[in-house]
$ cat work-v7.tsv   # TSV, C-alpha atoms and all ligand atoms
chain	number	residue	atom	x	y	z
A	20	MET	CA	-10.67	-75.38	-27.71
A	21	THR	CA	-13.88	-75.76	-25.74
A	22	ALA	CA	-15.38	-72.98	-23.65
A	23	PRO	CA	-13.65	-72.59	-20.27
A	24	PRO	CA	-15.39	-73.76	-17.04
A	25	THR	CA	-15.00	-70.27	-15.59
A	26	LEU	CA	-17.99	-69.17	-17.72
A	27	ALA	CA	-20.44	-70.50	-15.11
A	28	TRP	CA	-18.55	-68.84	-12.21
A	29	ARG	CA	-18.58	-65.59	-14.17
A	30	GLU	CA	-22.30	-65.74	-14.80
A	31	LYS	CA	-23.06	-66.39	-11.14
A	32	GLY	CA	-20.69	-63.60	-10.09
A	33	GLU	CA	-22.44	-61.09	-12.37
A	34	GLY	CA	-25.69	-61.94	-10.59
A	35	VAL	CA	-24.12	-61.53	-7.17
A	36	PHE	CA	-22.51	-58.19	-8.11
A	37	ALA	CA	-25.88	-56.94	-9.43
A	38	ALA	CA	-27.56	-58.15	-6.22
A	39	ALA	CA	-24.98	-56.34	-4.06
A	40	LEU	CA	-25.43	-53.15	-6.08
A	41	GLY	CA	-29.20	-53.54	-5.76
A	42	LEU	CA	-28.91	-53.47	-1.97
A	43	LEU	CA	-27.47	-49.94	-2.03
A	44	SER	CA	-29.59	-46.79	-2.03
A	45	ASP	CA	-28.56	-43.69	-3.97
A	46	GLN	CA	-27.10	-42.27	-0.75
A	47	ASP	CA	-25.28	-45.52	-0.01
A	48	LEU	CA	-23.57	-45.28	-3.41
A	49	ASP	CA	-22.00	-41.96	-2.39
A	50	ARG	CA	-20.31	-43.56	0.61
A	51	PRO	CA	-16.89	-45.21	0.69
A	52	SER	CA	-16.37	-48.74	-0.56
A	53	LEU	CA	-13.91	-51.08	1.14
A	54	LEU	CA	-11.28	-50.01	-1.42
A	55	PRO	CA	-9.19	-47.13	-0.08
A	56	GLY	CA	-10.07	-43.86	-1.81
A	57	TRP	CA	-12.90	-45.32	-3.88
A	58	SER	CA	-16.58	-44.62	-3.31
A	59	ARG	CA	-19.08	-47.34	-4.15
A	60	ARG	CA	-19.94	-45.26	-7.24
A	61	THR	CA	-16.34	-45.62	-8.38
A	62	VAL	CA	-16.33	-49.39	-7.81
A	63	ALA	CA	-19.54	-49.76	-9.85
A	64	ALA	CA	-18.18	-47.49	-12.59
A	65	HIS	CA	-14.96	-49.49	-12.74
A	66	VAL	CA	-16.87	-52.79	-13.03
A	67	ALA	CA	-18.97	-51.39	-15.91
A	68	ARG	CA	-15.93	-50.09	-17.79
A	69	ASN	CA	-14.06	-53.33	-17.09
A	70	ALA	CA	-16.80	-55.22	-18.97
A	71	ASP	CA	-16.24	-53.01	-22.00
A	72	ALA	CA	-12.47	-53.40	-21.71
A	73	LEU	CA	-12.80	-57.18	-21.68
A	74	ILE	CA	-15.21	-57.01	-24.63
A	75	ASN	CA	-12.29	-55.36	-26.45
A	76	LEU	CA	-10.21	-58.48	-25.78
A	77	LEU	CA	-13.02	-60.71	-27.06
A	78	THR	CA	-13.27	-58.53	-30.17
A	79	TRP	CA	-9.50	-58.94	-30.60
A	80	ALA	CA	-9.86	-62.73	-30.32
A	81	ARG	CA	-12.81	-62.83	-32.72
A	82	THR	CA	-11.40	-60.52	-35.40
A	83	GLY	CA	-7.63	-60.89	-34.99
A	84	HIS	CA	-7.49	-57.07	-34.94
A	85	GLU	CA	-5.51	-55.79	-31.95
A	86	THR	CA	-7.99	-54.11	-29.58
A	87	PRO	CA	-6.43	-53.29	-26.18
A	88	MET	CA	-8.51	-53.21	-23.01
A	89	TYR	CA	-7.88	-49.50	-22.55
A	90	ALA	CA	-6.25	-47.01	-24.94
A	91	THR	CA	-4.04	-45.69	-22.11
A	92	PRO	CA	-4.07	-45.90	-18.29
A	93	GLN	CA	-5.27	-42.27	-18.28
A	94	ALA	CA	-8.18	-43.14	-20.60
A	95	ARG	CA	-9.12	-45.95	-18.22
A	96	ASP	CA	-9.11	-43.65	-15.21
A	97	SER	CA	-11.05	-40.86	-16.87
A	98	ALA	CA	-13.73	-43.24	-18.19
A	99	ILE	CA	-14.20	-44.56	-14.64
A	100	ALA	CA	-14.41	-41.02	-13.24
A	101	ASP	CA	-16.94	-39.97	-15.92
A	102	THR	CA	-19.17	-42.96	-15.18
A	103	ALA	CA	-18.88	-42.48	-11.41
A	104	ALA	CA	-20.14	-38.90	-11.80
A	105	LEU	CA	-23.43	-40.00	-13.42
A	106	PRO	CA	-26.73	-40.03	-11.50
A	107	ALA	CA	-27.12	-43.23	-9.45
A	108	ALA	CA	-29.86	-44.69	-11.66
A	109	GLU	CA	-27.65	-44.26	-14.71
A	110	ILE	CA	-24.72	-45.99	-13.01
A	111	ARG	CA	-26.96	-48.95	-12.18
A	112	ALA	CA	-28.33	-49.10	-15.74
A	113	ASP	CA	-24.79	-48.80	-17.14
A	114	CYS	CA	-23.60	-51.73	-15.01
A	115	ARG	CA	-26.51	-53.86	-16.21
A	116	ALA	CA	-26.06	-52.93	-19.87
A	117	ALA	CA	-22.28	-53.46	-19.82
A	118	ALA	CA	-22.65	-56.91	-18.21
A	119	GLN	CA	-25.25	-57.78	-20.83
A	120	ARG	CA	-22.96	-56.65	-23.67
A	121	PHE	CA	-20.18	-58.77	-22.24
A	122	THR	CA	-22.48	-61.81	-22.03
A	123	VAL	CA	-23.42	-61.36	-25.70
A	124	ALA	CA	-19.75	-60.97	-26.69
A	125	LEU	CA	-18.90	-64.23	-24.88
A	126	ARG	CA	-21.74	-66.01	-26.60
A	127	GLU	CA	-20.65	-64.75	-30.01
A	128	LEU	CA	-17.06	-65.90	-29.65
A	129	PRO	CA	-16.43	-68.86	-31.99
A	130	ALA	CA	-14.94	-71.91	-30.23
A	131	ALA	CA	-11.71	-71.62	-32.23
A	132	ALA	CA	-11.11	-68.09	-30.92
A	133	TRP	CA	-10.68	-69.15	-27.25
A	134	SER	CA	-7.06	-69.99	-27.99
A	135	THR	CA	-6.29	-66.63	-29.68
A	136	GLU	CA	-3.68	-64.71	-27.71
A	137	VAL	CA	-4.56	-61.26	-26.41
A	138	ARG	CA	-2.78	-58.81	-24.10
A	139	THR	CA	-4.10	-57.79	-20.68
A	140	ALA	CA	-3.90	-54.28	-19.25
A	141	GLN	CA	-0.90	-55.52	-17.21
A	142	GLY	CA	0.87	-56.43	-20.46
A	143	ARG	CA	0.51	-60.18	-20.09
A	144	ILE	CA	-0.16	-62.34	-23.15
A	145	VAL	CA	-2.98	-64.79	-22.44
A	146	PRO	CA	-5.38	-66.92	-24.50
A	147	ALA	CA	-8.90	-65.48	-24.83
A	148	ALA	CA	-10.02	-68.44	-22.70
A	149	LYS	CA	-8.66	-66.46	-19.71
A	150	VAL	CA	-11.08	-63.57	-20.30
A	151	PRO	CA	-14.09	-65.10	-18.48
A	152	TRP	CA	-11.86	-65.61	-15.41
A	153	MET	CA	-10.61	-62.02	-15.67
A	154	ARG	CA	-14.22	-60.89	-15.46
A	155	CYS	CA	-15.12	-63.49	-12.84
A	156	ARG	CA	-12.52	-62.23	-10.34
A	157	GLU	CA	-13.66	-58.62	-10.93
A	158	VAL	CA	-17.34	-59.22	-10.24
A	159	TRP	CA	-16.86	-61.44	-7.19
A	160	VAL	CA	-14.13	-59.39	-5.50
A	161	HIS	CA	-15.74	-56.02	-6.26
A	162	ALA	CA	-19.13	-57.32	-5.05
A	163	ALA	CA	-17.40	-57.68	-1.68
A	164	ASP	CA	-15.72	-54.26	-2.09
A	165	LEU	CA	-19.19	-52.68	-2.33
A	166	ASP	CA	-19.60	-53.48	1.38
A	167	ALA	CA	-23.23	-54.41	0.85
A	168	ALA	CA	-23.69	-57.57	2.92
A	169	ILE	CA	-21.81	-59.73	0.38
A	170	GLY	CA	-18.39	-60.84	1.55
A	171	PHE	CA	-15.64	-63.31	0.73
A	172	ARG	CA	-17.59	-65.90	2.77
A	173	ASP	CA	-20.26	-65.72	0.03
A	174	ILE	CA	-17.81	-66.54	-2.78
A	175	PRO	CA	-17.92	-70.24	-3.81
A	176	ASP	CA	-14.93	-72.31	-2.69
A	177	ASP	CA	-13.82	-73.15	-6.24
A	178	VAL	CA	-13.74	-69.44	-7.12
A	179	LEU	CA	-11.83	-68.65	-3.90
A	180	ALA	CA	-9.29	-71.39	-4.67
A	181	ALA	CA	-8.88	-70.01	-8.19
A	182	LEU	CA	-8.32	-66.54	-6.67
A	183	VAL	CA	-5.56	-67.91	-4.45
A	184	ASP	CA	-4.05	-69.63	-7.51
A	185	ASP	CA	-4.26	-66.33	-9.39
A	186	VAL	CA	-2.57	-64.28	-6.65
A	187	THR	CA	0.18	-66.81	-5.90
A	188	GLY	CA	0.72	-67.31	-9.65
A	189	THR	CA	1.10	-63.54	-10.08
A	190	TRP	CA	3.67	-63.37	-7.25
A	191	HIS	CA	5.54	-66.27	-8.84
A	192	ARG	CA	5.64	-64.69	-12.31
A	193	ARG	CA	7.00	-61.49	-10.81
A	194	SER	CA	9.48	-63.37	-8.60
A	195	GLN	CA	7.83	-61.74	-5.58
A	196	ASN	CA	6.95	-64.92	-3.71
A	197	PRO	CA	6.84	-64.17	0.01
A	198	ALA	CA	8.40	-67.03	2.01
A	199	LEU	CA	5.16	-68.39	3.34
A	200	ALA	CA	2.75	-71.27	3.09
A	201	LEU	CA	-0.96	-70.56	2.96
A	202	ALA	CA	-2.86	-73.28	4.84
A	203	THR	CA	-6.62	-73.64	4.56
A	204	PRO	CA	-8.63	-76.63	5.84
A	205	GLY	CA	-8.76	-78.22	2.37
A	206	ARG	CA	-5.55	-77.16	0.67
A	207	THR	CA	-2.16	-75.57	1.27
A	208	TRP	CA	-0.43	-73.26	-1.20
A	209	GLY	CA	3.34	-72.83	-1.29
A	210	SER	CA	5.96	-73.58	1.29
A	211	GLY	CA	8.02	-71.23	3.34
A	212	ALA	CA	9.40	-70.37	6.72
A	213	VAL	CA	6.06	-69.05	7.94
A	214	THR	CA	2.72	-70.84	7.65
A	215	VAL	CA	-0.34	-68.60	7.53
A	216	THR	CA	-3.50	-70.45	8.51
A	217	GLY	CA	-7.09	-69.45	8.00
A	218	THR	CA	-10.37	-70.35	6.37
A	219	LEU	CA	-10.34	-70.25	2.58
A	220	PRO	CA	-12.41	-66.99	2.49
A	221	ASP	CA	-10.11	-65.32	5.05
A	222	ILE	CA	-6.91	-66.41	3.30
A	223	ALA	CA	-8.27	-65.31	-0.10
A	224	ALA	CA	-9.35	-61.95	1.35
A	225	TRP	CA	-5.99	-61.39	3.01
A	226	ILE	CA	-3.85	-62.15	-0.03
A	227	THR	CA	-6.02	-60.01	-2.33
A	228	GLY	CA	-5.40	-57.11	0.03
A	229	ARG	CA	-8.99	-57.11	1.33
A	230	GLY	CA	-8.87	-59.06	4.50
A	231	ASP	CA	-8.12	-58.26	8.01
A	232	ALA	CA	-4.77	-59.75	9.03
A	233	ASP	CA	-6.40	-60.48	12.42
A	234	ARG	CA	-8.52	-63.15	10.75
A	235	VAL	CA	-5.51	-65.26	9.75
A	236	SER	CA	-2.87	-66.65	12.08
A	237	ALA	CA	0.81	-67.23	11.49
A	238	ASP	CA	3.40	-69.36	13.23
A	239	GLY	CA	5.97	-66.60	12.85
A	240	PHE	CA	6.28	-62.99	11.78
A	241	LEU	CA	3.46	-62.23	9.35
A	242	PRO	CA	5.17	-60.81	6.27
A	243	SER	CA	3.74	-57.96	4.24
A	244	ILE	CA	2.48	-59.32	0.96
A	245	PRO	CA	3.06	-57.95	-2.53
A	246	PRO	CA	0.16	-56.29	-4.36
A	247	TRP	CA	-1.97	-58.49	-6.58
A	248	LEU	CA	-3.17	-56.59	-9.65
B	1	ZN	ZN	-11.03	-54.28	-10.64
$ encode --input "work-v7.tsv" --output "structure tokens"
Amino acid sequence: MTAPPTLAWREKGEGVFAAALGLLSDQDLDRPSLLPGWSRRTVAAHVARNADALINLLTWARTGHETPMYATPQARDSAIADTAALPAAEIRADCRAAAQRFTVALRELPAAAWSTEVRTAQGRIVPAAKVPWMRCREVWVHAADLDAAIGFRDIPDDVLAALVDDVTGTWHRRSQNPALALATPGRTWGSGAVTVTGTLPDIAAWITGRGDADRVSADGFLPSIPPWL
């Protein structure tokens, strides 16, 4: 199996996340992110620990030895809280170092290992080739969550389309499909009684639970949408 095309999106997203973080002062980091209940410190801490969790999946693929993303959900949460409590400079350095470790782990993965099956934190069995996308969606979406002048409008269209595929695919797997069609200027996803229309960034933001429902329009009652991750 050859390396997945999402590698390039991932690399660009790491740069954008780092740029967004770089725009925030120490005081800014203490303030709320766009994620309810999470400060920007917590978002950054989560992104750093996510890199290590995904390195575990790459290690699993490389060695064949089962290495889950997180030992337990509690271990995940406490590692995030510990990192978020560090001085701001250490959080920034941690984010940089974790992203660098992940880059090295990707580079060291032999081509044959991309097809090795691993298990995500949600319990899904996926080939290791999915891991760059799992990181890609984290860095791009959480760059926007940092509320630092980077938004969904700054995410490339192919990444946004892949996000919509990811969310609608998740709904489908869980049999949670809301009865709606998502219509963007270039592509429509699904079919249903209600058509929700918007730009690709606004539709992607709305269905990932980030966007303002006022930025999309519907030709009927706008349904509430199931959670994504
Ligand atoms: Zn996340």
$ closest_residue --input "work-v7.tsv" --among "A:Ala131, A:Ile144, A:Ala39, A:Val178" --to "Ala27 of chain A" --atoms "all atoms listed in the file"
A:Val178
$ residues_near_ligand --input "work-v7.tsv" --ligand "ligand ZN 1 (chain B)" --cutoff "8 Å" --atoms "all atoms listed in the file" --output "NGL selection string"
:A and (62 or 65-66 or 69 or 157 or 160-161)
$ residues_around --input "work-v7.tsv" --residues "segment 109-126 of chain A" --least-positions-apart "3" --cutoff "8 Å" --atoms "only C-alpha atoms" --output "PyMOL selection string"
chain A and resi 33+37+40+60+63-64+66-68+70-71+73-74+77-78+102-103+105-106
$ closest_residue --input "work-v7.tsv" --among "A:Ala72, A:Ala168, A:Val215, A:Ala237" --to "Ala202 of chain A" --atoms "all atoms listed in the file"
A:Val215
$ residues_around --input "work-v7.tsv" --residues "segment 238-246 of chain A" --least-positions-apart "4" --cutoff "10 Å" --atoms "only C-alpha atoms" --output "PDB file with C-alpha atoms, in the frame of the given file"
ATOM      1  CA  VAL A 186      -2.570 -64.280  -6.650  1.00  0.00           C
ATOM      2  CA  THR A 187       0.180 -66.810  -5.900  1.00  0.00           C
ATOM      3  CA  THR A 189       1.100 -63.540 -10.080  1.00  0.00           C
ATOM      4  CA  TRP A 190       3.670 -63.370  -7.250  1.00  0.00           C
ATOM      5  CA  ARG A 193       7.000 -61.490 -10.810  1.00  0.00           C
ATOM      6  CA  GLN A 195       7.830 -61.740  -5.580  1.00  0.00           C
ATOM      7  CA  ASN A 196       6.950 -64.920  -3.710  1.00  0.00           C
ATOM      8  CA  PRO A 197       6.840 -64.170   0.010  1.00  0.00           C
ATOM      9  CA  ALA A 198       8.400 -67.030   2.010  1.00  0.00           C
ATOM     10  CA  LEU A 199       5.160 -68.390   3.340  1.00  0.00           C
ATOM     11  CA  ALA A 212       9.400 -70.370   6.720  1.00  0.00           C
ATOM     12  CA  VAL A 213       6.060 -69.050   7.940  1.00  0.00           C
ATOM     13  CA  THR A 214       2.720 -70.840   7.650  1.00  0.00           C
ATOM     14  CA  VAL A 215      -0.340 -68.600   7.530  1.00  0.00           C
ATOM     15  CA  THR A 216      -3.500 -70.450   8.510  1.00  0.00           C
ATOM     16  CA  TRP A 225      -5.990 -61.390   3.010  1.00  0.00           C
ATOM     17  CA  ILE A 226      -3.850 -62.150  -0.030  1.00  0.00           C
ATOM     18  CA  THR A 227      -6.020 -60.010  -2.330  1.00  0.00           C
ATOM     19  CA  GLY A 228      -5.400 -57.110   0.030  1.00  0.00           C
ATOM     20  CA  ALA A 232      -4.770 -59.750   9.030  1.00  0.00           C
TER      21      ALA A 232
END
$ closest_residue --input "work-v7.tsv" --among "A:Cys155, A:Ala104, A:Leu53, A:Ile222" --to "Ser236 of chain A" --atoms "all atoms listed in the file"
A:Ile222
$ axis_aligned_box --input "work-v7.tsv" --around "segment 240-245 of chain A" --padding-each-side "6 Å" --output "lines of an AutoDock Vina configuration file"
center_x = 4.4
center_y = -60.5
center_z = 4.6
size_x = 15.8
size_y = 17.0
size_z = 26.3
$ decode --input "work-v7.tsv" --residues "segment 112-126 of chain A" --atoms "all heavy atoms" --output "CSV table (one decimal), in the first residue's frame"
chain,number,residue,atom,x,y,z
A,112,ALA,N,6.0,24.5,23.6
A,112,ALA,CA,7.2,23.6,23.2
A,112,ALA,C,6.7,22.1,23.1
A,112,ALA,O,7.1,21.4,22.3
A,112,ALA,CB,8.2,23.7,24.3
A,113,ASP,N,5.7,21.7,24.0
A,113,ASP,CA,5.2,20.4,24.0
A,113,ASP,C,4.4,20.1,22.7
A,113,ASP,O,4.6,19.1,22.1
A,113,ASP,CB,4.3,20.2,25.2
A,113,ASP,CG,3.8,18.8,25.5
A,113,ASP,OD1,4.0,18.0,24.6
A,113,ASP,OD2,3.3,18.6,26.6
A,114,CYS,N,3.6,21.1,22.3
A,114,CYS,CA,2.9,21.0,21.0
A,114,CYS,C,3.9,20.8,19.8
A,114,CYS,O,3.7,19.9,19.0
A,114,CYS,CB,2.0,22.2,20.7
A,114,CYS,SG,0.5,22.2,21.7
A,115,ARG,N,4.9,21.6,19.8
A,115,ARG,CA,5.9,21.5,18.7
A,115,ARG,C,6.6,20.1,18.7
A,115,ARG,O,6.7,19.4,17.7
A,115,ARG,CB,7.0,22.5,18.9
A,115,ARG,CG,6.7,23.9,18.2
A,115,ARG,CD,8.0,24.7,18.1
A,115,ARG,NE,8.6,25.0,19.4
A,115,ARG,CZ,8.3,26.0,20.3
A,115,ARG,NH1,7.3,26.8,19.9
A,115,ARG,NH2,8.9,26.1,21.4
A,116,ALA,N,7.0,19.7,19.9
A,116,ALA,CA,7.8,18.4,20.1
A,116,ALA,C,6.9,17.2,19.7
A,116,ALA,O,7.4,16.3,19.0
A,116,ALA,CB,8.4,18.3,21.5
A,117,ALA,N,5.7,17.3,20.1
A,117,ALA,CA,4.8,16.1,19.9
A,117,ALA,C,4.5,16.0,18.4
A,117,ALA,O,4.5,14.9,17.8
A,117,ALA,CB,3.5,16.3,20.7
A,118,ALA,N,4.3,17.2,17.7
A,118,ALA,CA,4.0,17.2,16.3
A,118,ALA,C,5.3,16.6,15.5
A,118,ALA,O,5.1,15.9,14.6
A,118,ALA,CB,3.7,18.6,15.8
A,119,GLN,N,6.4,17.0,16.0
A,119,GLN,CA,7.7,16.5,15.4
A,119,GLN,C,7.8,15.0,15.6
A,119,GLN,O,8.2,14.3,14.7
A,119,GLN,CB,8.9,17.3,16.0
A,119,GLN,CG,10.2,17.0,15.4
A,119,GLN,CD,10.2,17.3,13.9
A,119,GLN,OE1,9.5,18.3,13.4
A,119,GLN,NE2,10.8,16.5,13.1
A,120,ARG,N,7.5,14.5,16.8
A,120,ARG,CA,7.6,13.1,17.0
A,120,ARG,C,6.6,12.3,16.1
A,120,ARG,O,7.0,11.3,15.6
A,120,ARG,CB,7.2,12.7,18.5
A,120,ARG,CG,8.2,13.0,19.5
A,120,ARG,CD,7.9,12.3,20.9
A,120,ARG,NE,6.6,12.8,21.5
A,120,ARG,CZ,6.6,13.9,22.3
A,120,ARG,NH1,7.7,14.6,22.5
A,120,ARG,NH2,5.5,14.3,22.8
A,121,PHE,N,5.5,12.9,15.9
A,121,PHE,CA,4.5,12.2,15.0
A,121,PHE,C,5.0,12.2,13.6
A,121,PHE,O,4.8,11.2,12.9
A,121,PHE,CB,3.1,13.0,15.1
A,121,PHE,CG,2.0,12.3,14.3
A,121,PHE,CD1,1.5,11.1,14.7
A,121,PHE,CD2,1.5,13.0,13.2
A,121,PHE,CE1,0.5,10.5,13.9
A,121,PHE,CE2,0.5,12.4,12.5
A,121,PHE,CZ,0.0,11.1,12.8
A,122,THR,N,5.6,13.3,13.2
A,122,THR,CA,6.1,13.4,11.8
A,122,THR,C,7.2,12.3,11.6
A,122,THR,O,7.2,11.6,10.6
A,122,THR,CB,6.8,14.8,11.6
A,122,THR,OG1,5.7,15.7,11.6
A,122,THR,CG2,7.4,14.9,10.2
A,123,VAL,N,8.1,12.1,12.6
A,123,VAL,CA,9.1,11.1,12.5
A,123,VAL,C,8.5,9.7,12.5
A,123,VAL,O,8.9,8.9,11.7
A,123,VAL,CB,10.1,11.2,13.7
A,123,VAL,CG1,11.0,10.0,13.8
A,123,VAL,CG2,10.9,12.5,13.6
A,124,ALA,N,7.5,9.5,13.3
A,124,ALA,CA,6.8,8.2,13.3
A,124,ALA,C,6.1,7.9,12.0
A,124,ALA,O,6.2,6.7,11.5
A,124,ALA,CB,5.8,8.1,14.5
A,125,LEU,N,5.6,8.9,11.4
A,125,LEU,CA,5.0,8.7,10.0
A,125,LEU,C,6.1,8.3,9.0
A,125,LEU,O,5.9,7.4,8.2
A,125,LEU,CB,4.3,9.9,9.5
A,125,LEU,CG,2.9,10.3,10.0
A,125,LEU,CD1,2.5,11.6,9.5
A,125,LEU,CD2,1.9,9.2,9.6
A,126,ARG,N,7.2,9.0,9.1
A,126,ARG,CA,8.3,8.8,8.2
A,126,ARG,C,8.8,7.4,8.3
A,126,ARG,O,9.3,6.7,7.4
A,126,ARG,CB,9.4,9.8,8.4
A,126,ARG,CG,10.1,10.2,7.2
A,126,ARG,CD,11.2,11.3,7.5
A,126,ARG,NE,10.6,12.6,7.8
A,126,ARG,CZ,11.1,13.4,8.7
A,126,ARG,NH1,12.1,13.1,9.5
A,126,ARG,NH2,10.6,14.6,8.8
